[in-house]
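Single-structure report; data block below.
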Amino acid sequence: MQTIATDIQELLDGCRANRRSAQEGLYRQFYGFAMTIALRYSRDELDAADIMSHAFVKIFKSIHTFDPEKGSLHAWIKRIVVNEGLDHIKTRSRFSEEVELESVAQPAYINNAALEQMGAEEIMNLIKRLPPATHAVFVLYAVEGYNHREIAERLHISEGTSKWHLSEARKTLQQQLQHLNN
Amino acid sequence: MHPKERYEEIITGKLTALPLPDMADAIWLRIERQLDIDLPSDEGGNMPEPPSPWSGGGLAVGAGLLAVVGALIAFLYLQPVSNKITNNTPANTPANIQVATPTINNDIPSNQSALMKPVNGPPAANTGKPQTAAPETAIADVTIAPTPNGDSSFTPAENLTAQATTNVPAALPEVKQDTVPKKRRGLQNISDKDYRIVPKNGDAP
């Protein structure tokens with residue numbers, strides 16, 4: 001474990017010195033971690049590759065701003081990949097503000113047993129079918145664990161809009177799960 | 001952050017187990033290409049360097065390129081000479097001949113005699129015009145001779161002399177005739193009339 005930490009520190013130093021070998025080493029070290037996040041915000045692997053390449057270029061260009069005392073490298077990289085993923089979704093969709101709070105219905109019940117029987121790719125395919133903005137809000141809330149206030153700040157929407165998108169996502173997922181079970 | 005519900009935990013757990021696409025190398029190539037543009041590194045990337053023109057097959061390419069450039073320069077250098085030769089042939093139109101022998105050369109003997117005449121009058125007045133006027137401007141000034149600035153004490157004759165002395169460049173190129181007449185080419189005593197197609201009497205409509 002100590003060796004890995006030392007290795008990462010060496011890679012960080014190399015990245016700060018703009019050495020390609022160190023940049024490639026850091027990229028390969030975090031490929032799996034970052035790709036898992038990128039896949040959540042993409043429709044397919046090509047989208048994920050776009051998110052990854054843009055995110056890592058940003059990472060290497062701003063590596064000197066990373067401060068280990070403020071947070072872990074994983075959290076710093078995750079934030080950049082998530083932001084890039086949201087930017088990618090924004091290019092596909094406009095985040096509408098015209099949502100009335102009254103239209104936010106009670107959260108739809110999701111059949112946990114049905115979910116547990118599904119594979120990861122099947123669940124991901126259900127999420128990808130959501131409209132882009134709803135997709136983004138659902139992943140930020142249900143997977144990343146952000147609350148509506150944080151989502152609203154990140155996406156520059158109101159908390160009501162965020163709640164509406166989450167409600168829509170749950171409703172759609174429940175309908176799709178019922179359709180699959182039938 | 002908010003406390004996760006059961007379905008959220010299931011989805012999160014499943015998504016972390018997603019199989020990763022085997023695109024690490026392809027994505028790194030894209031990243032590296034972009035970094036080479038945005039953050040050039042002394043270490044360089046894995047991109048192959050372009051071959052030097054002075055080594056291996058590049059030498060032949062370089063030599064070929066040099067030969068093409070040399071031929072182009074030779075062609076451009078010889079082009080005006082061939083134009084001059086063709087302009088002096090009798091088959092050319094008067095317009096083309098005018099290009100070969102500028103009109104200023106035809107006008108110069110009369111104007112030049114006036115311009116080269118010693119000036120006995122008052123010293124050249126400063127007309128306020130630039131001293132480095134083009135020869136065409138000077139000739140126009142001499143022939144038109146306008147009254148500058150409405151100065152009544154300025155006679156037209158003085159004006160003519162003043163303009164001539166001030167506006168003409170210090171040394172007009174002396175017109176030289178070719179000492180050796182250029183050899184005429186082609187058939188002599190044949191003009192365009194000889195090639196005119198005249199309908200016969202019976203063919204007239």
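Ligands are numbered from 1 in the order shown, chains are lettered A, B, ... in the order of the structure tokens, and residues start at 1 in each chain.
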
Compile a residue-level contact table for chain B against chain A at a cut-off of 8 Å, reporting for every qualifying residue the shortest atom pair and its distance in Å to one decimal, with only C-alpha atoms counted, rows ordered by chain and ascending number, as a tab-separated table.
```
residue	atom	partner	partner_atom	distance
B:Met1	CA	A:Tyr146	CA	4.5
B:His2	CA	A:Asn147	CA	5.5
B:Pro3	CA	A:Gly145	CA	7.7
B:Lys4	CA	A:Gly145	CA	7.0
B:Arg6	CA	A:Asn112	CA	7.1
B:Tyr7	CA	A:Asn112	CA	5.5
B:Glu8	CA	A:Ala142	CA	5.1
B:Glu9	CA	A:Val143	CA	7.7
B:Ile10	CA	A:Glu116	CA	6.6
B:Ile11	CA	A:Val143	CA	7.1
B:Thr12	CA	A:Val143	CA	5.1
B:Lys14	CA	A:Ala120	CA	4.8
B:Leu15	CA	A:Ala120	CA	5.5
B:Thr16	CA	A:Thr36	CA	6.5
B:Ala17	CA	A:Ala120	CA	6.5
B:Leu18	CA	A:Ala120	CA	5.6
B:Leu20	CA	A:Gly32	CA	6.9
B:Pro21	CA	A:Glu45	CA	7.0
B:Met23	CA	A:Ala49	CA	7.5
B:Ala24	CA	A:Tyr31	CA	7.0
B:Ile27	CA	A:Ser53	CA	6.0
B:Trp28	CA	A:Glu24	CA	7.2
B:Arg30	CA	A:Ser53	CA	6.5
B:Ile31	CA	A:Ser53	CA	5.3
B:Glu32	CA	A:Arg20	CA	7.8
B:Gln34	CA	A:Val57	CA	7.2
B:Leu35	CA	A:Val57	CA	6.7
B:Leu39	CA	A:Asn18	CA	7.4
B:Ser41	CA	A:Asn18	CA	6.1
B:Asp42	CA	A:Arg19	CA	7.8
B:Glu43	CA	A:Arg19	CA	6.3
B:Gly44	CA	A:Arg20	CA	7.0
B:Gly45	CA	A:Arg20	CA	6.5
```

Could you save those same residues with N, CA, C and O atoms as a CSV table (one decimal), in the first residue's frame?
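And here's selection31.csv as it stands now:
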```
chain,number,residue,atom,x,y,z
B,1,MET,N,-25.2,15.3,0.5
B,1,MET,CA,-25.4,13.9,0.4
B,1,MET,C,-26.7,13.5,1.1
B,1,MET,O,-27.1,14.2,2.1
B,2,HIS,N,-27.4,12.5,0.7
B,2,HIS,CA,-28.6,12.1,1.3
B,2,HIS,C,-28.5,10.5,1.6
B,2,HIS,O,-27.7,9.8,0.9
B,3,PRO,N,-29.3,10.1,2.6
B,3,PRO,CA,-29.3,8.6,2.9
B,3,PRO,C,-29.9,7.9,1.7
B,3,PRO,O,-31.0,8.3,1.2
B,4,LYS,N,-29.2,6.9,1.3
B,4,LYS,CA,-29.7,6.2,0.1
B,4,LYS,C,-30.8,5.2,0.4
B,4,LYS,O,-30.8,4.5,1.5
B,6,ARG,N,-33.0,1.7,-0.7
B,6,ARG,CA,-32.6,0.4,-1.1
B,6,ARG,C,-32.3,0.2,-2.6
B,6,ARG,O,-31.3,-0.3,-3.0
B,7,TYR,N,-33.2,0.8,-3.4
B,7,TYR,CA,-33.1,0.6,-4.8
B,7,TYR,C,-31.8,1.4,-5.3
B,7,TYR,O,-31.2,1.0,-6.3
B,8,GLU,N,-31.5,2.5,-4.6
B,8,GLU,CA,-30.3,3.3,-5.0
B,8,GLU,C,-29.1,2.5,-4.7
B,8,GLU,O,-28.1,2.5,-5.5
B,9,GLU,N,-29.1,1.8,-3.6
B,9,GLU,CA,-27.9,1.0,-3.2
B,9,GLU,C,-27.7,-0.2,-4.2
B,9,GLU,O,-26.6,-0.5,-4.6
B,10,ILE,N,-28.8,-0.8,-4.7
B,10,ILE,CA,-28.8,-1.9,-5.6
B,10,ILE,C,-28.2,-1.4,-6.9
B,10,ILE,O,-27.2,-1.9,-7.5
B,11,ILE,N,-28.7,-0.2,-7.4
B,11,ILE,CA,-28.2,0.3,-8.7
B,11,ILE,C,-26.8,0.7,-8.6
B,11,ILE,O,-26.0,0.4,-9.5
B,12,THR,N,-26.4,1.4,-7.5
B,12,THR,CA,-25.0,1.8,-7.4
B,12,THR,C,-24.1,0.6,-7.3
B,12,THR,O,-23.0,0.5,-8.0
B,14,LYS,N,-24.6,-2.4,-8.6
B,14,LYS,CA,-24.6,-3.0,-10.0
B,14,LYS,C,-23.7,-2.2,-10.9
B,14,LYS,O,-22.9,-2.8,-11.7
B,15,LEU,N,-23.8,-0.9,-10.9
B,15,LEU,CA,-23.1,-0.1,-11.8
B,15,LEU,C,-21.6,-0.1,-11.6
B,15,LEU,O,-20.8,0.0,-12.6
B,16,THR,N,-21.2,-0.3,-10.4
B,16,THR,CA,-19.7,-0.4,-10.1
B,16,THR,C,-19.2,-1.7,-10.7
B,16,THR,O,-17.9,-1.8,-10.9
B,17,ALA,N,-20.1,-2.6,-11.0
B,17,ALA,CA,-19.6,-3.9,-11.5
B,17,ALA,C,-19.7,-4.0,-13.0
B,17,ALA,O,-19.6,-5.0,-13.6
B,18,LEU,N,-19.9,-2.8,-13.6
B,18,LEU,CA,-20.1,-2.8,-15.1
B,18,LEU,C,-18.7,-3.2,-15.7
B,18,LEU,O,-17.7,-2.8,-15.3
B,20,LEU,N,-15.7,-3.0,-18.0
B,20,LEU,CA,-15.0,-1.8,-18.6
B,20,LEU,C,-14.7,-2.1,-20.1
B,20,LEU,O,-14.2,-3.2,-20.4
B,21,PRO,N,-14.9,-1.2,-21.0
B,21,PRO,CA,-14.5,-1.3,-22.4
B,21,PRO,C,-13.0,-1.3,-22.5
B,21,PRO,O,-12.3,-0.5,-21.8
B,23,MET,N,-10.6,0.2,-24.0
B,23,MET,CA,-10.3,1.3,-24.9
B,23,MET,C,-9.2,2.2,-24.3
B,23,MET,O,-9.0,3.3,-24.7
B,24,ALA,N,-8.5,1.6,-23.3
B,24,ALA,CA,-7.5,2.4,-22.6
B,24,ALA,C,-6.4,3.0,-23.6
B,24,ALA,O,-6.1,4.2,-23.5
B,27,ILE,N,-8.0,5.7,-26.0
B,27,ILE,CA,-8.2,6.9,-25.4
B,27,ILE,C,-6.9,7.7,-25.0
B,27,ILE,O,-6.8,8.9,-25.2
B,28,TRP,N,-5.9,6.9,-24.6
B,28,TRP,CA,-4.6,7.5,-24.3
B,28,TRP,C,-4.0,8.2,-25.5
B,28,TRP,O,-3.5,9.3,-25.4
B,30,ARG,N,-5.6,9.6,-27.9
B,30,ARG,CA,-6.4,10.9,-28.1
B,30,ARG,C,-5.9,11.9,-27.1
B,30,ARG,O,-5.7,13.1,-27.4
B,31,ILE,N,-5.7,11.5,-25.8
B,31,ILE,CA,-5.2,12.4,-24.8
B,31,ILE,C,-3.9,12.9,-25.1
B,31,ILE,O,-3.6,14.1,-25.0
B,32,GLU,N,-3.0,12.0,-25.5
B,32,GLU,CA,-1.6,12.4,-25.8
B,32,GLU,C,-1.5,13.4,-27.0
B,32,GLU,O,-0.8,14.3,-27.0
B,34,GLN,N,-3.8,15.5,-27.8
B,34,GLN,CA,-4.3,16.8,-27.4
B,34,GLN,C,-3.3,17.4,-26.5
B,34,GLN,O,-3.1,18.7,-26.5
B,35,LEU,N,-2.6,16.6,-25.7
B,35,LEU,CA,-1.6,17.2,-24.8
B,35,LEU,C,-0.4,17.7,-25.6
B,35,LEU,O,0.2,18.7,-25.3
B,39,LEU,N,0.0,21.0,-24.2
B,39,LEU,CA,1.1,21.0,-23.3
B,39,LEU,C,2.3,20.3,-23.9
B,39,LEU,O,2.6,19.1,-23.5
B,41,SER,N,5.6,18.6,-24.5
B,41,SER,CA,6.6,18.1,-23.5
B,41,SER,C,7.9,17.9,-24.2
B,41,SER,O,8.0,17.5,-25.4
B,42,ASP,N,9.0,18.2,-23.5
B,42,ASP,CA,10.3,17.9,-24.0
B,42,ASP,C,10.5,16.4,-24.2
B,42,ASP,O,11.3,16.0,-25.1
B,43,GLU,N,9.9,15.6,-23.3
B,43,GLU,CA,10.0,14.2,-23.4
B,43,GLU,C,9.4,13.7,-24.7
B,43,GLU,O,9.9,12.7,-25.3
B,44,GLY,N,8.4,14.4,-25.3
B,44,GLY,CA,7.8,14.0,-26.5
B,44,GLY,C,6.8,12.8,-26.3
B,44,GLY,O,6.8,12.2,-25.2
B,45,GLY,N,6.0,12.6,-27.2
B,45,GLY,CA,5.0,11.5,-27.1
B,45,GLY,C,5.6,10.3,-27.8
B,45,GLY,O,6.7,10.2,-28.1
```

Discussion item. If I take atom CA of A:Lys78 and atom CA of A:Phe30, how far is one from the other in Å, to one decimal?
Written reply: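 A separation of 9.9 Å between them.
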
Worksheet item: Per DSSP on the backbone, what are the helix (DSSP H, G or I) residues of stretch 58-176 of chain A, as a ChimeraX atom specification?
Response: /A:58-61,63-65,73-92,101-103,112-117,120-128,132-143,148-155,159-176

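Atom pair atom CA of A:Phe66 / atom CA of A:His135 has a distance of 29.2 Å (rounded to one decimal).
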
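The space separating atom CA of A:His179 from atom CA of A:Ser167 comes to 18.4 Å.
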